[in-house]
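This is work-v1.pdb. It holds PDB, C-alpha atoms.
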```pdb
ATOM      1  CA  MET A 135     362.601 246.449  12.701
ATOM      2  CA  MET A 136     359.531 244.258  13.188
ATOM      3  CA  PRO A 137     359.918 241.367  15.659
ATOM      4  CA  TYR A 138     360.168 237.957  14.052
ATOM      5  CA  ILE A 139     357.194 235.647  14.566
ATOM      6  CA  PRO A 140     357.729 232.008  13.534
ATOM      7  CA  ASP A 141     356.281 231.421  10.086
ATOM      8  CA  ALA A 142     353.399 228.932   9.994
ATOM      9  CA  ALA A 143     354.455 228.059   6.435
ATOM     10  CA  ALA A 144     357.957 226.988   7.476
ATOM     11  CA  VAL A 145     358.909 223.326   7.432
ATOM     12  CA  MET A 146     361.539 223.441  10.166
ATOM     13  CA  PRO A 147     360.918 226.538  12.283
ATOM     14  CA  ASN A 148     364.046 226.553  14.428
ATOM     15  CA  GLU A 149     367.754 225.755  14.348
ATOM     16  CA  TYR A 150     367.579 222.345  16.029
ATOM     17  CA  GLY A 151     366.673 220.362  12.915
ATOM     18  CA  THR A 152     364.343 218.029  14.803
ATOM     19  CA  THR A 153     361.071 219.960  14.702
ATOM     20  CA  VAL A 154     358.671 220.170  11.750
ATOM     21  CA  PHE A 155     355.388 221.998  11.272
ATOM     22  CA  LEU A 156     353.367 219.044  10.034
ATOM     23  CA  LYS A 157     350.852 220.938   7.925
ATOM     24  CA  ASN A 158     353.642 221.756   5.511
ATOM     25  CA  ILE A 159     354.877 218.209   4.877
ATOM     26  CA  VAL A 160     351.814 215.947   4.831
ATOM     27  CA  LYS A 161     350.627 214.587   1.503
ATOM     28  CA  ALA A 162     347.667 212.313   2.266
ATOM     29  CA  GLU A 163     344.325 213.895   1.451
ATOM     30  CA  ASN A 164     342.705 212.496   4.593
ATOM     31  CA  ILE A 165     345.188 214.076   7.034
ATOM     32  CA  ILE A 166     344.201 217.605   8.074
ATOM     33  CA  ILE A 167     346.516 219.532  10.398
ATOM     34  CA  GLY A 168     346.294 223.037  11.806
ATOM     35  CA  ASP A 169     348.902 225.776  11.850
ATOM     36  CA  TYR A 170     351.887 225.502  14.190
ATOM     37  CA  THR A 171     351.227 221.885  15.142
ATOM     38  CA  TYR A 172     354.642 220.258  15.278
ATOM     39  CA  TYR A 173     356.317 216.888  15.549
ATOM     40  CA  ASP A 174     359.736 216.585  17.173
ATOM     41  CA  ASP A 175     362.009 213.641  16.402
ATOM     42  CA  SER A 176     365.771 213.359  16.758
ATOM     43  CA  ARG A 177     365.991 210.750  13.983
ATOM     44  CA  ASP A 178     363.517 211.405  11.171
ATOM     45  CA  PRO A 179     361.075 214.262  11.742
ATOM     46  CA  MET A 180     360.365 214.585   8.029
ATOM     47  CA  GLY A 181     359.214 210.960   7.906
ATOM     48  CA  TRP A 182     356.257 211.535  10.236
ATOM     49  CA  GLU A 183     353.550 210.635   7.747
ATOM     50  CA  ARG A 184     355.340 207.429   6.762
ATOM     51  CA  ASN A 185     356.503 206.360  10.219
ATOM     52  CA  ASN A 186     353.845 207.643  12.590
ATOM     53  CA  VAL A 187     350.503 207.387  10.781
ATOM     54  CA  LEU A 188     350.125 203.647  10.341
ATOM     55  CA  PHE A 189     347.811 201.765   7.974
ATOM     56  CA  ASN A 190     346.584 204.976   6.424
ATOM     57  CA  TYR A 191     344.655 204.119   3.275
ATOM     58  CA  PRO A 192     342.411 207.070   2.333
ATOM     59  CA  PHE A 193     340.004 204.815   0.429
ATOM     60  CA  PHE A 194     339.067 203.247   3.779
ATOM     61  CA  GLY A 195     337.197 206.466   4.531
ATOM     62  CA  ASP A 196     338.573 207.653   7.851
ATOM     63  CA  ARG A 197     340.445 210.894   8.480
ATOM     64  CA  LEU A 198     343.080 212.135  10.895
ATOM     65  CA  VAL A 199     342.258 215.683  11.986
ATOM     66  CA  ILE A 200     344.628 217.593  14.293
ATOM     67  CA  GLY A 201     344.044 221.144  15.485
ATOM     68  CA  ARG A 202     346.419 224.070  15.894
ATOM     69  CA  TYR A 203     349.392 224.427  18.234
ATOM     70  CA  CYS A 204     349.602 220.730  19.086
ATOM     71  CA  SER A 205     352.856 219.188  20.340
ATOM     72  CA  LEU A 206     353.531 215.636  19.139
ATOM     73  CA  GLY A 207     356.353 213.885  20.951
ATOM     74  CA  GLU A 208     358.884 211.595  19.318
ATOM     75  CA  GLY A 209     357.473 208.203  18.421
ATOM     76  CA  SER A 210     353.838 209.173  19.001
ATOM     77  CA  ILE A 211     351.734 206.973  16.739
ATOM     78  CA  PHE A 212     348.322 207.160  15.105
ATOM     79  CA  MET A 213     346.763 203.821  14.191
ATOM     80  CA  MET A 214     344.261 204.324  11.390
ATOM     81  CA  GLY A 215     341.153 202.214  10.872
ATOM     82  CA  ALA A 216     342.564 199.869   8.246
ATOM     83  CA  ALA A 217     344.872 198.431  10.931
ATOM     84  CA  ASN A 218     341.905 196.475  12.300
ATOM     85  CA  HIS A 219     340.977 192.882  11.630
ATOM     86  CA  ARG A 220     337.572 191.238  11.252
ATOM     87  CA  LEU A 221     335.916 190.856  14.666
ATOM     88  CA  SER A 222     332.593 189.281  13.683
ATOM     89  CA  SER A 223     333.840 185.695  13.214
ATOM     90  CA  VAL A 224     335.636 183.050  15.255
ATOM     91  CA  THR A 225     338.977 183.936  13.634
ATOM     92  CA  THR A 226     340.590 187.311  13.042
ATOM     93  CA  TYR A 227     343.061 185.899  10.505
ATOM     94  CA  PRO A 228     342.942 187.824   7.179
ATOM     95  CA  PHE A 229     342.714 184.845   4.808
ATOM     96  CA  ASN A 230     341.542 187.054   1.950
ATOM     97  CA  VAL A 231     344.737 189.106   1.742
ATOM     98  CA  MET A 232     346.909 185.995   1.353
ATOM     99  CA  GLY A 233     345.642 185.289  -2.143
ATOM    100  CA  GLY A 234     344.966 182.041  -3.976
ATOM    101  CA  VAL A 235     341.831 180.080  -3.262
ATOM    102  CA  TRP A 236     341.555 181.852   0.096
ATOM    103  CA  ARG A 237     340.881 185.107  -1.738
ATOM    104  CA  GLU A 238     338.427 183.438  -4.081
ATOM    105  CA  THR A 239     336.329 181.983  -1.280
ATOM    106  CA  THR A 240     336.245 184.828   1.248
ATOM    107  CA  THR A 241     334.819 188.335   1.448
ATOM    108  CA  PRO A 242     337.275 191.144   0.566
ATOM    109  CA  HIS A 243     339.273 191.940   3.666
ATOM    110  CA  ILE A 244     338.641 195.683   3.661
ATOM    111  CA  ASP A 245     334.863 195.152   3.545
ATOM    112  CA  GLU A 246     334.869 193.262   6.844
ATOM    113  CA  LEU A 247     336.790 195.722   8.973
ATOM    114  CA  PRO A 248     335.063 197.716  11.730
ATOM    115  CA  HIS A 249     334.850 201.439  11.080
ATOM    116  CA  LYS A 250     335.650 203.546  14.127
ATOM    117  CA  GLY A 251     335.285 206.920  12.406
ATOM    118  CA  ASP A 252     337.697 209.846  12.243
ATOM    119  CA  THR A 253     340.536 210.310  14.710
ATOM    120  CA  ILE A 254     340.374 213.904  15.956
ATOM    121  CA  LEU A 255     342.654 215.956  18.178
ATOM    122  CA  GLY A 256     341.611 219.418  19.258
ATOM    123  CA  SER A 257     344.017 222.328  19.517
ATOM    124  CA  ASP A 258     346.838 222.674  22.063
ATOM    125  CA  VAL A 259     347.037 218.900  22.628
ATOM    126  CA  TRP A 260     350.333 217.387  23.822
ATOM    127  CA  LEU A 261     351.146 213.765  22.979
ATOM    128  CA  GLY A 262     353.977 212.355  25.072
ATOM    129  CA  HIS A 263     356.874 210.290  23.743
ATOM    130  CA  GLY A 264     355.810 206.944  22.335
ATOM    131  CA  SER A 265     352.084 207.378  22.906
ATOM    132  CA  VAL A 266     349.642 205.522  20.660
ATOM    133  CA  ILE A 267     346.285 206.879  19.529
ATOM    134  CA  MET A 268     343.911 204.177  18.320
ATOM    135  CA  PRO A 269     341.354 204.556  15.499
ATOM    136  CA  GLY A 270     338.355 206.776  16.122
ATOM    137  CA  VAL A 271     339.680 208.390  19.295
ATOM    138  CA  GLN A 272     338.776 212.038  19.891
ATOM    139  CA  LEU A 273     340.786 214.178  22.304
ATOM    140  CA  GLY A 274     339.444 217.597  23.251
ATOM    141  CA  ASP A 275     341.376 220.861  23.251
ATOM    142  CA  GLY A 276     344.204 221.071  25.748
ATOM    143  CA  CYS A 277     344.525 217.365  26.507
ATOM    144  CA  ILE A 278     347.829 215.883  27.675
ATOM    145  CA  VAL A 279     348.718 212.239  26.967
ATOM    146  CA  ALA A 280     351.450 210.714  29.124
ATOM    147  CA  ALA A 281     354.443 209.039  27.469
ATOM    148  CA  PHE A 282     353.923 205.475  26.210
ATOM    149  CA  SER A 283     350.185 205.551  26.805
ATOM    150  CA  VAL A 284     347.756 203.676  24.563
ATOM    151  CA  VAL A 285     344.601 205.727  24.053
ATOM    152  CA  THR A 286     341.636 203.538  23.129
ATOM    153  CA  LYS A 287     338.736 205.901  23.903
ATOM    154  CA  SER A 288     337.883 209.585  23.730
ATOM    155  CA  PHE A 289     338.453 212.193  26.452
ATOM    156  CA  PRO A 290     337.050 215.698  27.026
ATOM    157  CA  PRO A 291     339.039 218.943  26.830
ATOM    158  CA  TYR A 292     341.877 219.590  29.254
ATOM    159  CA  SER A 293     342.145 215.986  30.438
ATOM    160  CA  VAL A 294     345.438 214.514  31.597
ATOM    161  CA  ILE A 295     345.429 210.852  30.612
ATOM    162  CA  GLY A 296     347.876 207.988  30.791
ATOM    163  CA  GLY A 297     348.336 204.227  30.959
ATOM    164  CA  ASN A 298     347.511 201.205  28.842
ATOM    165  CA  PRO A 299     344.689 201.505  28.208
ATOM    166  CA  ALA A 300     344.803 205.213  29.003
ATOM    167  CA  ARG A 301     342.536 206.486  31.771
ATOM    168  CA  LEU A 302     341.743 209.923  33.140
ATOM    169  CA  ILE A 303     344.397 210.956  35.666
ATOM    170  CA  LYS A 304     343.009 214.407  36.397
ATOM    171  CA  LYS A 305     341.591 217.546  34.861
ATOM    172  CA  ARG A 306     344.230 220.146  34.113
ATOM    173  CA  PHE A 307     342.148 222.981  35.572
ATOM    174  CA  ASP A 308     338.927 223.560  37.461
ATOM    175  CA  ASP A 309     335.672 223.653  35.535
ATOM    176  CA  ASP A 310     335.491 227.466  35.539
ATOM    177  CA  MET A 311     338.937 227.778  33.954
ATOM    178  CA  ILE A 312     338.176 225.098  31.377
ATOM    179  CA  SER A 313     334.952 226.866  30.426
ATOM    180  CA  LEU A 314     336.816 230.160  30.030
ATOM    181  CA  LEU A 315     339.531 228.594  27.887
ATOM    182  CA  LEU A 316     337.018 226.924  25.599
ATOM    183  CA  ARG A 317     335.314 230.281  25.096
ATOM    184  CA  PHE A 318     338.615 232.133  24.711
ATOM    185  CA  ARG A 319     339.959 229.780  22.029
ATOM    186  CA  TRP A 320     343.279 231.582  21.854
ATOM    187  CA  TRP A 321     344.492 229.288  19.066
ATOM    188  CA  ASP A 322     341.966 230.766  16.643
ATOM    189  CA  ASN A 323     343.697 234.151  16.726
ATOM    190  CA  THR A 324     346.234 235.417  14.217
ATOM    191  CA  PRO A 325     349.915 234.853  15.042
ATOM    192  CA  ASP A 326     350.244 238.561  15.898
ATOM    193  CA  VAL A 327     347.484 238.333  18.486
ATOM    194  CA  VAL A 328     348.771 235.037  19.897
ATOM    195  CA  THR A 329     352.150 236.721  20.325
ATOM    196  CA  GLN A 330     350.497 239.505  22.308
ATOM    197  CA  LEU A 331     348.743 236.894  24.445
ATOM    198  CA  LEU A 332     351.952 235.064  25.413
ATOM    199  CA  PRO A 333     352.181 236.682  28.891
ATOM    200  CA  ILE A 334     348.752 235.181  29.626
ATOM    201  CA  LEU A 335     349.325 231.834  27.926
ATOM    202  CA  THR A 336     352.643 231.145  29.638
ATOM    203  CA  SER A 337     351.975 232.493  33.133
ATOM    204  CA  SER A 338     351.815 230.078  36.092
ATOM    205  CA  ASP A 339     349.714 232.567  38.065
ATOM    206  CA  LEU A 340     346.430 230.901  37.172
ATOM    207  CA  GLY A 341     344.370 233.270  39.308
ATOM    208  CA  TRP A 342     345.597 236.238  37.296
ATOM    209  CA  VAL A 343     345.195 234.282  34.055
ATOM    210  CA  LYS A 344     341.564 233.533  34.894
ATOM    211  CA  GLU A 345     340.888 237.188  35.699
ATOM    212  CA  GLU A 346     342.583 238.401  32.521
ATOM    213  CA  ILE A 347     340.756 235.954  30.253
ATOM    214  CA  SER A 348     337.448 236.831  31.921
ATOM    215  CA  ARG A 349     338.153 240.527  31.383
ATOM    216  CA  ARG A 350     339.006 240.069  27.715
ATOM    217  CA  LEU A 351     335.949 237.895  27.085
ATOM    218  CA  SER A 352     333.758 240.520  28.738
ATOM    219  CA  LEU A 353     335.234 243.278  26.596
ATOM    220  CA  SER A 354     334.693 241.268  23.434
ATOM    221  CA  GLY A 355     331.164 240.307  24.396
ATOM    222  CA  SER A 356     331.955 236.602  24.084
TER     223      SER A 356
END
```
Mind turning this structure into structure tokens?
Amino acid sequence: MMPYIPDAAAVMPNEYGTTVFLKNIVKAENIIIGDYTYYDDSRDPMGWERNNVLFNYPFFGDRLVIGRYCSLGEGSIFMMGAANHRLSSVTTYPFNVMGGVWRETTTPHIDELPHKGDTILGSDVWLGHGSVIMPGVQLGDGCIVAAFSVVTKSFPPYSVIGGNPARLIKKRFDDDMISLLLRFRWWDNTPDVVTQLLPILTSSDLGWVKEEISRRLSLSGS
């Protein structure tokens, strides 16, 4: 009998009823999510797109792109670009959206908003409980965001960040290990291969892990 590997096409992959593979439930055309990225929520995991991606209006032109094997903690929020207000004038109040003569005498609200660009998470990113990712932020592969942090700027791969506004706390690994991991890109492999790599991916013996990844990269010519 073949061993069971969790199905990337499943909605809820385990028996707990709190975890969803997001790729299989999102509807918005501007949200792109990789295989095995999950959201865990004890109250409403299926409502992630409605409850956790705020002010998402695809016509605004920004996207939310999340890589593979990311772990999104309960209450982690993405603020999309349309959440902004006009910043170029003395008031940020959105008179135009209130209607009446205010609408007739002001520029359409959506036309005045700053555009921060796409919000992008690499692969193997972990967002802690209640963290907030602001519009246009880009987090590299392997980043960790501490619980209840507010991330207002981008960070490179394998950063540990936290606070409000979030700052770099430390790098997860030394530069040599980070370089190896970014070349290794384990998340791009098939589920069968990732399963075979689990002894490497889950080991706390980082010296051995570095040696093993280096060996495999050398054999593959990468």
Among the residues A:Val231, A:Leu314, A:Leu206, A:Leu255, the one that comes closest to A:Glu345 [using all atoms listed in the file]: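 Checking each of A:Val231, A:Leu314, A:Leu206, A:Leu255 against A:Glu345, counting all atoms listed in the file, the winner is A:Leu314.
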Might you pull out every residue within 9 Å of A:Thr286, with only C-alpha atoms counted and same-chain residues fewer than 2 positions away left off, and present them as an MDAnalysis selection string? chainID A and resid 266:271 284 288 298:300
Residues in the PyMOL selection byres ((chain A and resi 184-190) around 9), expressed as a list in words: Ala162, Asn164, Asp178, Met180, Gly181, Trp182, Glu183, Tyr191, Pro192, Phe193, Phe194, Asp196, Arg197, Leu198, Gly209, Ser210, Ile211, Phe212, Met213, Met214, Gly215, Ala216 and Ala217 of chain A
Between atom CA of A:Tyr170 and atom CA of A:Tyr203, what is the distance, to one decimal in Å? 4.9 Å
Excluding A:Pro228 and any residue of its chain fewer than 2 positions from it, enumerate the residues within 10 Å of it, using all atoms listed in the file, and give them as a PyMOL selection string. chain A and resi 219-220+225-226+230-232+236-237+240-244+246
Calculated over only C-alpha atoms, which of the candidates A:Asp169, A:Glu346, A:Glu208, A:Asp174 has the smallest distance to A:Ala281? A:Glu208
Straight-line distance linking atom CA of A:Ser265 with atom CA of A:Phe289, stated in Å to one decimal: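 For atom CA of A:Ser265 relative to atom CA of A:Phe289, the distance reads 14.9 Å.
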Taking the file as shown, find all residues satisfying the PyMOL selection byres ((chain A and resi 322-328) around 12) and write them as a PyMOL selection string. chain A and resi 136-143+168-170+201-203+256-258+275+315-321+329-336
So which one's closest to A:Pro248, A:Leu273, A:Met311, A:Leu221, A:Val235? Using only C-alpha atoms, please.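 Nearest candidate to A:Pro248 out of A:Leu273, A:Met311, A:Leu221, A:Val235: A:Leu221.
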Write out as an mmCIF file with C-alpha atoms, in the frame of the given file each polymer residue whose atoms come within 9 Å of A:Arg306, counting all atoms listed in the file; drop sequence neighbours fewer than 2 positions from it.
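Final file, selection-v8.cif:
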```
data_model
loop_
_atom_site.group_PDB
_atom_site.id
_atom_site.type_symbol
_atom_site.label_atom_id
_atom_site.label_comp_id
_atom_site.auth_asym_id
_atom_site.auth_seq_id
_atom_site.Cartn_x
_atom_site.Cartn_y
_atom_site.Cartn_z
ATOM 1 C CA GLY A 276 344.204 221.071 25.748
ATOM 2 C CA CYS A 277 344.525 217.365 26.507
ATOM 3 C CA ILE A 278 347.829 215.883 27.675
ATOM 4 C CA TYR A 292 341.877 219.590 29.254
ATOM 5 C CA SER A 293 342.145 215.986 30.438
ATOM 6 C CA VAL A 294 345.438 214.514 31.597
ATOM 7 C CA LYS A 304 343.009 214.407 36.397
ATOM 8 C CA ASP A 308 338.927 223.560 37.461
ATOM 9 C CA ILE A 312 338.176 225.098 31.377
#
```
Counting all atoms listed in the file, which residues come within 7 Å of (347.1, 217.4, 10.5), with the point read in the file's coordinates, and could you list them as JSON, numbers by chain? {"A": [156, 157, 165, 166, 167, 168, 198, 199, 200, 201]}
One number please: atom CA of A:Val160 to atom CA of A:Gly195, in Å, one decimal.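 Going from atom CA of A:Val160 over to atom CA of A:Gly195, I get 17.4 Å.
Using only C-alpha atoms, the shortest contact distance between A:Arg301 and any of A:Ser348, A:Gln272, A:Ser283, A:Ser337 is found at A:Ser283.
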Carefully work through the PyMOL selection byres ((chain A and resi 176) around 6) for this structure and note down the residues it includes, as a PDB file with C-alpha atoms, keeping the file's coordinate frame.
```
ATOM      1  CA  THR A 152     364.343 218.029  14.803  1.00  0.00           C
ATOM      2  CA  ASP A 175     362.009 213.641  16.402  1.00  0.00           C
ATOM      3  CA  ARG A 177     365.991 210.750  13.983  1.00  0.00           C
TER       4      ARG A 177
END
```
Which is closest to A:Val279 among A:Ser338, A:Asn158, A:Ser205, A:Thr153, if we use only C-alpha atoms?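 Distance minimum relative to A:Val279 lands on A:Ser205.
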Axis-aligned box for stretch 192-206 of chain A, 4 Å per side, centre and edges in Å as AutoDock Vina command-line options:
```
--center_x 345.4 --center_y 213.8 --center_z 10.4 --size_x 24.3 --size_y 29.2 --size_z 27.9
```
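Proximity ranking of A:Leu247, A:Met146, A:Leu351, A:Ile303 relative to A:Ser223 places A:Leu247 first, based on all atoms listed in the file.
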